[in-house]
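Shown below: protein_18.txt, with compact mmCIF, N, CA and C atoms.
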# COMPACT_ATOMS: atom_id res chain seq x y z
N MET T 635 5.80 56.88 -11.61
CA MET T 635 4.45 57.22 -12.00
C MET T 635 4.09 58.60 -11.47
N ARG T 636 3.32 59.31 -12.26
CA ARG T 636 2.88 60.66 -11.89
C ARG T 636 1.40 60.62 -11.50
N LYS T 637 1.01 61.61 -10.70
CA LYS T 637 -0.41 61.73 -10.34
C LYS T 637 -1.08 62.66 -11.32
N TRP T 638 -2.31 62.31 -11.69
CA TRP T 638 -3.10 63.09 -12.64
C TRP T 638 -4.50 63.30 -12.08
N LYS T 639 -5.01 64.51 -12.24
CA LYS T 639 -6.41 64.78 -11.91
C LYS T 639 -7.23 64.55 -13.17
N ILE T 640 -8.29 63.79 -13.04
CA ILE T 640 -9.15 63.47 -14.17
C ILE T 640 -10.38 64.37 -14.12
N PHE T 641 -10.68 65.00 -15.25
CA PHE T 641 -11.85 65.88 -15.37
C PHE T 641 -12.76 65.34 -16.46
N GLU T 642 -14.05 65.43 -16.20
CA GLU T 642 -15.03 64.88 -17.14
C GLU T 642 -16.15 65.89 -17.35
N LYS T 643 -16.66 65.90 -18.57
CA LYS T 643 -17.80 66.74 -18.93
C LYS T 643 -18.63 65.94 -19.91
N GLU T 644 -19.92 65.96 -19.72
CA GLU T 644 -20.80 65.20 -20.60
C GLU T 644 -20.70 65.73 -22.03
N GLY T 645 -20.48 64.84 -22.96
CA GLY T 645 -20.38 65.21 -24.37
C GLY T 645 -19.01 65.71 -24.78
N ALA T 646 -18.01 65.58 -23.89
CA ALA T 646 -16.66 66.05 -24.21
C ALA T 646 -15.64 64.99 -23.80
N ASP T 647 -14.43 65.14 -24.32
CA ASP T 647 -13.36 64.21 -23.97
C ASP T 647 -12.99 64.33 -22.49
N THR T 648 -12.55 63.23 -21.92
CA THR T 648 -12.02 63.24 -20.56
C THR T 648 -10.64 63.89 -20.59
N LYS T 649 -10.37 64.77 -19.64
CA LYS T 649 -9.09 65.49 -19.59
C LYS T 649 -8.31 65.04 -18.35
N ALA T 650 -6.99 64.99 -18.49
CA ALA T 650 -6.10 64.68 -17.37
C ALA T 650 -5.12 65.83 -17.19
N VAL T 651 -4.96 66.29 -15.95
CA VAL T 651 -4.04 67.38 -15.63
C VAL T 651 -3.08 66.87 -14.56
N LYS T 652 -1.78 67.02 -14.82
CA LYS T 652 -0.76 66.54 -13.88
C LYS T 652 -0.82 67.32 -12.57
N VAL T 653 -0.58 66.62 -11.48
CA VAL T 653 -0.47 67.24 -10.17
C VAL T 653 1.00 67.59 -9.96
N GLY T 654 1.27 68.82 -9.52
CA GLY T 654 2.64 69.20 -9.21
C GLY T 654 3.16 70.32 -10.10
N PHE T 655 4.47 70.43 -10.15
CA PHE T 655 5.15 71.51 -10.86
C PHE T 655 5.00 71.34 -12.37
N ASN T 656 4.74 72.44 -13.07
CA ASN T 656 4.56 72.41 -14.52
C ASN T 656 5.79 73.03 -15.20
N TRP T 657 6.66 72.16 -15.73
CA TRP T 657 7.88 72.65 -16.36
C TRP T 657 7.61 73.41 -17.65
N TRP T 658 6.55 73.07 -18.35
CA TRP T 658 6.22 73.79 -19.59
C TRP T 658 5.82 75.23 -19.27
N ALA T 659 5.00 75.40 -18.23
CA ALA T 659 4.59 76.75 -17.82
C ALA T 659 5.78 77.54 -17.32
N PHE T 660 6.67 76.89 -16.58
CA PHE T 660 7.87 77.54 -16.07
C PHE T 660 8.77 78.01 -17.22
N SER T 661 8.94 77.17 -18.24
CA SER T 661 9.88 77.44 -19.31
C SER T 661 9.34 78.36 -20.40
N PHE T 662 8.06 78.23 -20.71
CA PHE T 662 7.51 78.94 -21.88
C PHE T 662 6.35 79.87 -21.53
N HIS T 663 6.15 80.16 -20.25
CA HIS T 663 5.12 81.00 -19.65
C HIS T 663 4.02 81.48 -20.59
N TRP T 664 4.19 82.59 -21.31
CA TRP T 664 3.07 83.14 -22.09
C TRP T 664 2.70 82.25 -23.27
N ILE T 665 3.65 81.57 -23.88
CA ILE T 665 3.33 80.65 -24.98
C ILE T 665 2.52 79.48 -24.44
N TRP T 666 2.92 78.98 -23.27
CA TRP T 666 2.16 77.91 -22.63
C TRP T 666 0.74 78.38 -22.32
N GLY T 667 0.59 79.62 -21.83
CA GLY T 667 -0.74 80.17 -21.54
C GLY T 667 -1.63 80.18 -22.78
N LEU T 668 -1.07 80.58 -23.91
CA LEU T 668 -1.84 80.57 -25.16
C LEU T 668 -2.20 79.14 -25.56
N SER T 669 -1.26 78.20 -25.41
CA SER T 669 -1.53 76.82 -25.82
C SER T 669 -2.61 76.17 -24.96
N GLN T 670 -2.75 76.62 -23.72
CA GLN T 670 -3.77 76.07 -22.82
C GLN T 670 -5.07 76.88 -22.87
N LYS T 671 -5.11 77.88 -23.72
CA LYS T 671 -6.26 78.79 -23.83
C LYS T 671 -6.56 79.51 -22.52
N LEU T 672 -5.48 79.82 -21.81
CA LEU T 672 -5.57 80.64 -20.60
C LEU T 672 -5.19 82.06 -20.99
N TRP T 673 -6.15 82.74 -21.62
CA TRP T 673 -5.87 84.04 -22.23
C TRP T 673 -5.39 85.06 -21.22
N TRP T 674 -6.04 85.12 -20.04
CA TRP T 674 -5.64 86.10 -19.05
C TRP T 674 -4.23 85.85 -18.54
N VAL T 675 -3.82 84.59 -18.46
CA VAL T 675 -2.46 84.26 -18.03
C VAL T 675 -1.46 84.71 -19.10
N ALA T 676 -1.74 84.36 -20.35
CA ALA T 676 -0.82 84.68 -21.44
C ALA T 676 -0.66 86.19 -21.62
N PHE T 677 -1.77 86.90 -21.71
CA PHE T 677 -1.68 88.34 -21.95
C PHE T 677 -1.22 89.10 -20.70
N GLY T 678 -1.57 88.59 -19.51
CA GLY T 678 -1.05 89.19 -18.28
C GLY T 678 0.45 89.07 -18.20
N CYS T 679 0.97 87.91 -18.60
CA CYS T 679 2.42 87.69 -18.61
C CYS T 679 3.10 88.61 -19.62
N LEU T 680 2.54 88.70 -20.81
CA LEU T 680 3.11 89.59 -21.83
C LEU T 680 3.11 91.04 -21.34
N PHE T 681 2.01 91.47 -20.75
CA PHE T 681 1.92 92.82 -20.21
C PHE T 681 2.99 93.04 -19.15
N PHE T 682 3.15 92.08 -18.26
CA PHE T 682 4.15 92.19 -17.19
C PHE T 682 5.56 92.26 -17.77
N LEU T 683 5.86 91.43 -18.76
CA LEU T 683 7.18 91.43 -19.37
C LEU T 683 7.48 92.76 -20.07
N VAL T 684 6.49 93.30 -20.77
CA VAL T 684 6.66 94.60 -21.44
C VAL T 684 6.86 95.70 -20.39
N LEU T 685 6.07 95.66 -19.33
CA LEU T 685 6.18 96.66 -18.27
C LEU T 685 7.57 96.62 -17.62
N ILE T 686 8.06 95.43 -17.31
CA ILE T 686 9.40 95.30 -16.72
C ILE T 686 10.46 95.82 -17.68
N ASN T 687 10.30 95.53 -18.97
CA ASN T 687 11.25 96.00 -19.97
C ASN T 687 11.24 97.54 -20.05
N ILE T 688 10.07 98.14 -20.02
CA ILE T 688 9.96 99.60 -20.06
C ILE T 688 10.63 100.21 -18.83
N ILE T 689 10.35 99.63 -17.66
CA ILE T 689 10.95 100.14 -16.42
C ILE T 689 12.47 100.03 -16.48
N ALA T 690 12.97 98.88 -16.95
CA ALA T 690 14.42 98.70 -17.05
C ALA T 690 15.04 99.72 -18.00
N ASN T 691 14.40 99.96 -19.13
CA ASN T 691 14.93 100.94 -20.09
C ASN T 691 14.91 102.36 -19.52
N GLU T 692 13.84 102.71 -18.81
CA GLU T 692 13.76 104.03 -18.20
C GLU T 692 14.85 104.19 -17.13
N LEU T 693 15.08 103.15 -16.36
CA LEU T 693 16.14 103.23 -15.35
C LEU T 693 17.52 103.36 -15.99
N ASN T 694 17.71 102.73 -17.15
CA ASN T 694 18.98 102.90 -17.88
C ASN T 694 19.18 104.34 -18.31
N LEU T 695 18.09 105.01 -18.72
CA LEU T 695 18.21 106.41 -19.13
C LEU T 695 18.46 107.32 -17.94
N LEU T 696 17.78 107.04 -16.81
CA LEU T 696 17.93 107.88 -15.63
C LEU T 696 19.27 107.67 -14.92
N TYR T 697 19.70 106.40 -14.87
CA TYR T 697 20.92 106.07 -14.14
C TYR T 697 21.83 105.21 -15.02
N PRO T 698 22.55 105.82 -15.97
CA PRO T 698 23.44 105.02 -16.82
C PRO T 698 24.56 104.39 -15.99
N ILE T 699 25.12 103.31 -16.50
CA ILE T 699 26.14 102.56 -15.77
C ILE T 699 27.35 103.42 -15.42
N GLU T 700 27.69 104.38 -16.29
CA GLU T 700 28.85 105.23 -16.03
C GLU T 700 28.64 106.09 -14.79
N VAL T 701 27.40 106.49 -14.54
CA VAL T 701 27.10 107.38 -13.42
C VAL T 701 26.99 106.59 -12.11
N SER T 702 26.32 105.45 -12.17
CA SER T 702 26.05 104.70 -10.95
C SER T 702 26.16 103.19 -11.19
N PRO T 703 27.40 102.66 -11.20
CA PRO T 703 27.55 101.23 -11.46
C PRO T 703 26.92 100.35 -10.38
N ARG T 704 26.92 100.80 -9.14
CA ARG T 704 26.31 99.99 -8.07
C ARG T 704 24.80 99.88 -8.26
N PHE T 705 24.14 100.99 -8.60
CA PHE T 705 22.70 100.94 -8.85
C PHE T 705 22.40 100.03 -10.03
N PHE T 706 23.24 100.08 -11.06
CA PHE T 706 23.06 99.23 -12.24
C PHE T 706 23.07 97.76 -11.84
N MET T 707 23.99 97.36 -10.97
CA MET T 707 24.07 95.98 -10.52
C MET T 707 22.86 95.60 -9.65
N VAL T 708 22.50 96.47 -8.73
CA VAL T 708 21.35 96.20 -7.85
C VAL T 708 20.08 96.09 -8.67
N ARG T 709 19.92 96.99 -9.65
CA ARG T 709 18.74 96.94 -10.51
C ARG T 709 18.69 95.62 -11.27
N GLY T 710 19.83 95.17 -11.78
CA GLY T 710 19.88 93.92 -12.52
C GLY T 710 19.49 92.73 -11.65
N VAL T 711 19.98 92.71 -10.43
CA VAL T 711 19.65 91.61 -9.50
C VAL T 711 18.16 91.66 -9.16
N ALA T 712 17.63 92.85 -8.93
CA ALA T 712 16.20 92.99 -8.61
C ALA T 712 15.33 92.50 -9.77
N LEU T 713 15.68 92.88 -10.99
CA LEU T 713 14.91 92.43 -12.16
C LEU T 713 15.02 90.91 -12.33
N LEU T 714 16.19 90.37 -12.07
CA LEU T 714 16.39 88.92 -12.15
C LEU T 714 15.51 88.20 -11.13
N MET T 715 15.44 88.74 -9.92
CA MET T 715 14.62 88.12 -8.88
C MET T 715 13.13 88.22 -9.21
N ILE T 716 12.71 89.34 -9.76
CA ILE T 716 11.30 89.49 -10.16
C ILE T 716 10.97 88.50 -11.26
N GLY T 717 11.86 88.37 -12.25
CA GLY T 717 11.64 87.41 -13.34
C GLY T 717 11.60 85.98 -12.83
N ALA T 718 12.51 85.63 -11.92
CA ALA T 718 12.53 84.27 -11.35
C ALA T 718 11.26 84.00 -10.57
N ALA T 719 10.78 84.99 -9.82
CA ALA T 719 9.53 84.82 -9.07
C ALA T 719 8.37 84.56 -10.01
N MET T 720 8.34 85.28 -11.14
CA MET T 720 7.28 85.06 -12.12
C MET T 720 7.35 83.64 -12.68
N LEU T 721 8.54 83.18 -13.05
CA LEU T 721 8.70 81.85 -13.61
C LEU T 721 8.27 80.77 -12.63
N PHE T 722 8.70 80.90 -11.38
CA PHE T 722 8.32 79.89 -10.39
C PHE T 722 6.83 79.94 -10.08
N THR T 723 6.22 81.13 -10.14
CA THR T 723 4.77 81.22 -9.97
C THR T 723 4.06 80.44 -11.07
N PHE T 724 4.51 80.59 -12.30
CA PHE T 724 3.92 79.85 -13.41
C PHE T 724 4.10 78.35 -13.22
N GLY T 725 5.29 77.92 -12.82
CA GLY T 725 5.55 76.51 -12.62
C GLY T 725 4.71 75.90 -11.51
N ILE T 726 4.58 76.63 -10.41
CA ILE T 726 3.85 76.12 -9.24
C ILE T 726 2.34 76.19 -9.46
N LYS T 727 1.84 77.28 -10.03
CA LYS T 727 0.39 77.49 -10.18
C LYS T 727 -0.17 77.01 -11.52
N GLY T 728 0.70 76.70 -12.49
CA GLY T 728 0.24 76.39 -13.84
C GLY T 728 -0.84 75.32 -13.92
N ASN T 729 -0.62 74.18 -13.29
CA ASN T 729 -1.60 73.10 -13.36
C ASN T 729 -2.90 73.47 -12.64
N LYS T 730 -2.80 74.25 -11.56
CA LYS T 730 -4.01 74.70 -10.87
C LYS T 730 -4.83 75.61 -11.78
N TRP T 731 -4.15 76.48 -12.53
CA TRP T 731 -4.86 77.36 -13.46
C TRP T 731 -5.57 76.54 -14.54
N VAL T 732 -4.94 75.48 -15.00
CA VAL T 732 -5.58 74.61 -16.01
C VAL T 732 -6.81 73.95 -15.39
N CYS T 733 -6.69 73.43 -14.17
CA CYS T 733 -7.82 72.79 -13.49
C CYS T 733 -8.98 73.78 -13.30
N ASP T 734 -8.66 74.98 -12.84
CA ASP T 734 -9.69 76.01 -12.65
C ASP T 734 -10.37 76.36 -13.97
N ASN T 735 -9.59 76.44 -15.05
CA ASN T 735 -10.15 76.75 -16.36
C ASN T 735 -11.11 75.64 -16.82
N LEU T 736 -10.72 74.39 -16.60
CA LEU T 736 -11.61 73.27 -16.97
C LEU T 736 -12.89 73.32 -16.15
N GLU T 737 -12.79 73.59 -14.86
CA GLU T 737 -14.00 73.67 -14.03
C GLU T 737 -14.90 74.82 -14.47
N ASN T 738 -14.31 75.94 -14.88
CA ASN T 738 -15.10 77.07 -15.39
C ASN T 738 -15.82 76.71 -16.69
N LYS T 739 -15.26 75.76 -17.44
CA LYS T 739 -15.88 75.32 -18.69
C LYS T 739 -16.89 74.20 -18.48
N GLY T 740 -17.16 73.84 -17.24
CA GLY T 740 -18.18 72.84 -16.95
C GLY T 740 -17.64 71.45 -16.67
N TYR T 741 -16.34 71.26 -16.71
CA TYR T 741 -15.77 69.96 -16.35
C TYR T 741 -15.81 69.82 -14.83
N ARG T 742 -15.84 68.58 -14.38
CA ARG T 742 -15.78 68.36 -12.93
C ARG T 742 -14.69 67.35 -12.63
N HIS T 743 -14.01 67.59 -11.52
CA HIS T 743 -12.93 66.71 -11.08
C HIS T 743 -13.56 65.43 -10.52
N ILE T 744 -13.21 64.30 -11.10
CA ILE T 744 -13.85 63.05 -10.68
C ILE T 744 -12.90 62.07 -10.02
N ALA T 745 -11.59 62.23 -10.25
CA ALA T 745 -10.65 61.30 -9.64
C ALA T 745 -9.23 61.83 -9.76
N THR T 746 -8.36 61.27 -8.93
CA THR T 746 -6.93 61.50 -9.04
C THR T 746 -6.29 60.12 -9.12
N ILE T 747 -5.55 59.86 -10.20
CA ILE T 747 -4.96 58.54 -10.40
C ILE T 747 -3.48 58.66 -10.74
N GLU T 748 -2.78 57.53 -10.71
CA GLU T 748 -1.38 57.49 -11.09
C GLU T 748 -1.25 56.84 -12.45
N ALA T 749 -0.45 57.47 -13.31
CA ALA T 749 -0.19 56.95 -14.66
C ALA T 749 1.07 57.60 -15.20
N GLU T 750 1.58 57.07 -16.30
CA GLU T 750 2.79 57.61 -16.91
C GLU T 750 2.52 58.90 -17.69
N THR T 751 1.45 58.94 -18.47
CA THR T 751 1.14 60.11 -19.31
C THR T 751 -0.31 60.52 -19.13
N ALA T 752 -0.63 61.71 -19.64
CA ALA T 752 -2.01 62.20 -19.55
C ALA T 752 -2.96 61.31 -20.35
N LYS T 753 -2.53 60.87 -21.51
CA LYS T 753 -3.38 60.02 -22.35
C LYS T 753 -3.67 58.69 -21.66
N VAL T 754 -2.64 58.09 -21.08
CA VAL T 754 -2.83 56.83 -20.36
C VAL T 754 -3.76 57.04 -19.17
N ALA T 755 -3.59 58.16 -18.46
CA ALA T 755 -4.45 58.45 -17.30
C ALA T 755 -5.91 58.59 -17.72
N ALA T 756 -6.16 59.39 -18.76
CA ALA T 756 -7.54 59.60 -19.22
C ALA T 756 -8.14 58.30 -19.76
N ASP T 757 -7.37 57.58 -20.55
CA ASP T 757 -7.87 56.33 -21.13
C ASP T 757 -8.11 55.27 -20.08
N SER T 758 -7.22 55.16 -19.10
CA SER T 758 -7.38 54.12 -18.08
C SER T 758 -8.58 54.42 -17.20
N TYR T 759 -8.87 55.70 -16.97
CA TYR T 759 -10.05 56.01 -16.17
C TYR T 759 -11.32 55.67 -16.94
N ILE T 760 -11.34 55.93 -18.24
CA ILE T 760 -12.51 55.62 -19.06
C ILE T 760 -12.78 54.12 -19.04
N TYR T 761 -11.71 53.31 -19.17
CA TYR T 761 -11.88 51.85 -19.24
C TYR T 761 -12.13 51.23 -17.88
N ASP T 762 -11.75 51.91 -16.79
CA ASP T 762 -11.98 51.37 -15.46
C ASP T 762 -13.43 51.54 -15.00
N GLU T 763 -14.16 52.43 -15.63
CA GLU T 763 -15.54 52.69 -15.20
C GLU T 763 -16.38 51.51 -15.43
Please rewrite the model in this file as structure tokens.
Amino acid sequence: MRKWKIFEKEGADTKAVKVGFNWWAFSFHWIWGLSQKLWWVAFGCLFFLVLINIIANELNLLYPIEVSPRFFMVRGVALLMIGAAMLFTFGIKGNKWVCDNLENKGYRHIATIEAETAKVAADSYIYDE
């Protein structure tokens, strides 16, 4: 069973957000941000990815592999580590960003319960009241 935070807003559906690591945010970062209507997350991620790509291309022009193979390898490892850090940040913080977004929209956290799915969590809280 997974833990879910239940959010409620008068006149709106009850929402359930999983507690813990978000594999969807980790795997699909900016697409996940758009699907959750976290615009700043999605566009910030896209901006970051484009910026990293531009930097990598500029470094390729300044230091081609033929001139400096060691720098080419170090640069690749550094970019890989930056990308991995971004992915893990999305996975670790993703559900918190969803919770914060719901609270900004007027939802309030009312309970944390255990259930198999978000639908079961939201429905079971509604029927337990």
Could you list as a PyMOL selection string every residue that has an atom within 7 Å of (-14.3, 62.3, -12.7), using the file's coordinates and counting only C-alpha atoms?
-> chain T and resi 640-642+742-745
Grab the residues selected above and save them as an mmCIF file, in the coordinates of the input with N, CA and C atoms.
data_model
loop_
_atom_site.group_PDB
_atom_site.id
_atom_site.type_symbol
_atom_site.label_atom_id
_atom_site.label_comp_id
_atom_site.auth_asym_id
_atom_site.auth_seq_id
_atom_site.Cartn_x
_atom_site.Cartn_y
_atom_site.Cartn_z
ATOM 1 N N ILE T 640 -8.290 63.790 -13.040
ATOM 2 C CA ILE T 640 -9.150 63.470 -14.170
ATOM 3 C C ILE T 640 -10.380 64.370 -14.120
ATOM 4 N N PHE T 641 -10.680 65.000 -15.250
ATOM 5 C CA PHE T 641 -11.850 65.880 -15.370
ATOM 6 C C PHE T 641 -12.760 65.340 -16.460
ATOM 7 N N GLU T 642 -14.050 65.430 -16.200
ATOM 8 C CA GLU T 642 -15.030 64.880 -17.140
ATOM 9 C C GLU T 642 -16.150 65.890 -17.350
ATOM 10 N N ARG T 742 -15.840 68.580 -14.380
ATOM 11 C CA ARG T 742 -15.780 68.360 -12.930
ATOM 12 C C ARG T 742 -14.690 67.350 -12.630
ATOM 13 N N HIS T 743 -14.010 67.590 -11.520
ATOM 14 C CA HIS T 743 -12.930 66.710 -11.080
ATOM 15 C C HIS T 743 -13.560 65.430 -10.520
ATOM 16 N N ILE T 744 -13.210 64.300 -11.100
ATOM 17 C CA ILE T 744 -13.850 63.050 -10.680
ATOM 18 C C ILE T 744 -12.900 62.070 -10.020
ATOM 19 N N ALA T 745 -11.590 62.230 -10.250
ATOM 20 C CA ALA T 745 -10.650 61.300 -9.640
ATOM 21 C C ALA T 745 -9.230 61.830 -9.760
#
When you draw a straight line from atom N of Ser661 in chain T to CA of Phe681 in chain T, how long is it in Å?
->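 Separating atom N of Ser661 in chain T from CA of Phe681 in chain T is a distance of 17.3 Å.
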Suppose you want the space between CA of Leu736 in chain T and atom C of Ala749 in chain T; what is it in Å?
->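 Calculated distance between CA of Leu736 in chain T and atom C of Ala749 in chain T is 20.2 Å.
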Where in chain T does DSSP assign helix (DSSP H, G or I), given as a ChimeraX atom specification?
-> /T:657-669,673-696,703-738,752-762
So which one's closest to Trp664 in chain T, T:Gly710, T:Pro703, T:Gly645, T:Gly725? Using only C-alpha atoms, please.
-> T:Gly725
Spatial neighbours of range 637-639 of chain T, max dist 6 Å, only C-alpha atoms, sep filter under 2 positions, as a PyMOL selection string | chain T and resi 650-653+745-748
Compute the distance from (6.0, 90.5, -11.7) to each atom, counting all atoms listed in the file, keep the residues with any atom at most 6.5 Å away, and return them as a PDB file with N, CA and C atoms, in the frame of the given file; use the coordinates of the file.
ATOM      1  N   PHE T 682       3.150  92.080 -18.260  1.00  0.00           N
ATOM      2  CA  PHE T 682       4.150  92.190 -17.190  1.00  0.00           C
ATOM      3  C   PHE T 682       5.560  92.260 -17.770  1.00  0.00           C
ATOM      4  N   ILE T 716      12.710  89.340  -9.760  1.00  0.00           N
ATOM      5  CA  ILE T 716      11.300  89.490 -10.160  1.00  0.00           C
ATOM      6  C   ILE T 716      10.970  88.500 -11.260  1.00  0.00           C
ATOM      7  N   GLY T 717      11.860  88.370 -12.250  1.00  0.00           N
ATOM      8  CA  GLY T 717      11.640  87.410 -13.340  1.00  0.00           C
ATOM      9  C   GLY T 717      11.600  85.980 -12.830  1.00  0.00           C
ATOM     10  N   MET T 720       8.340  85.280 -11.140  1.00  0.00           N
ATOM     11  CA  MET T 720       7.280  85.060 -12.120  1.00  0.00           C
ATOM     12  C   MET T 720       7.350  83.640 -12.680  1.00  0.00           C
TER      13      MET T 720
END
May I ask for the distance between CA of Gly667 in chain T and CA of Val711 in chain T, given in Å to one decimal place?
->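 Those two atoms sit 26.3 Å apart.
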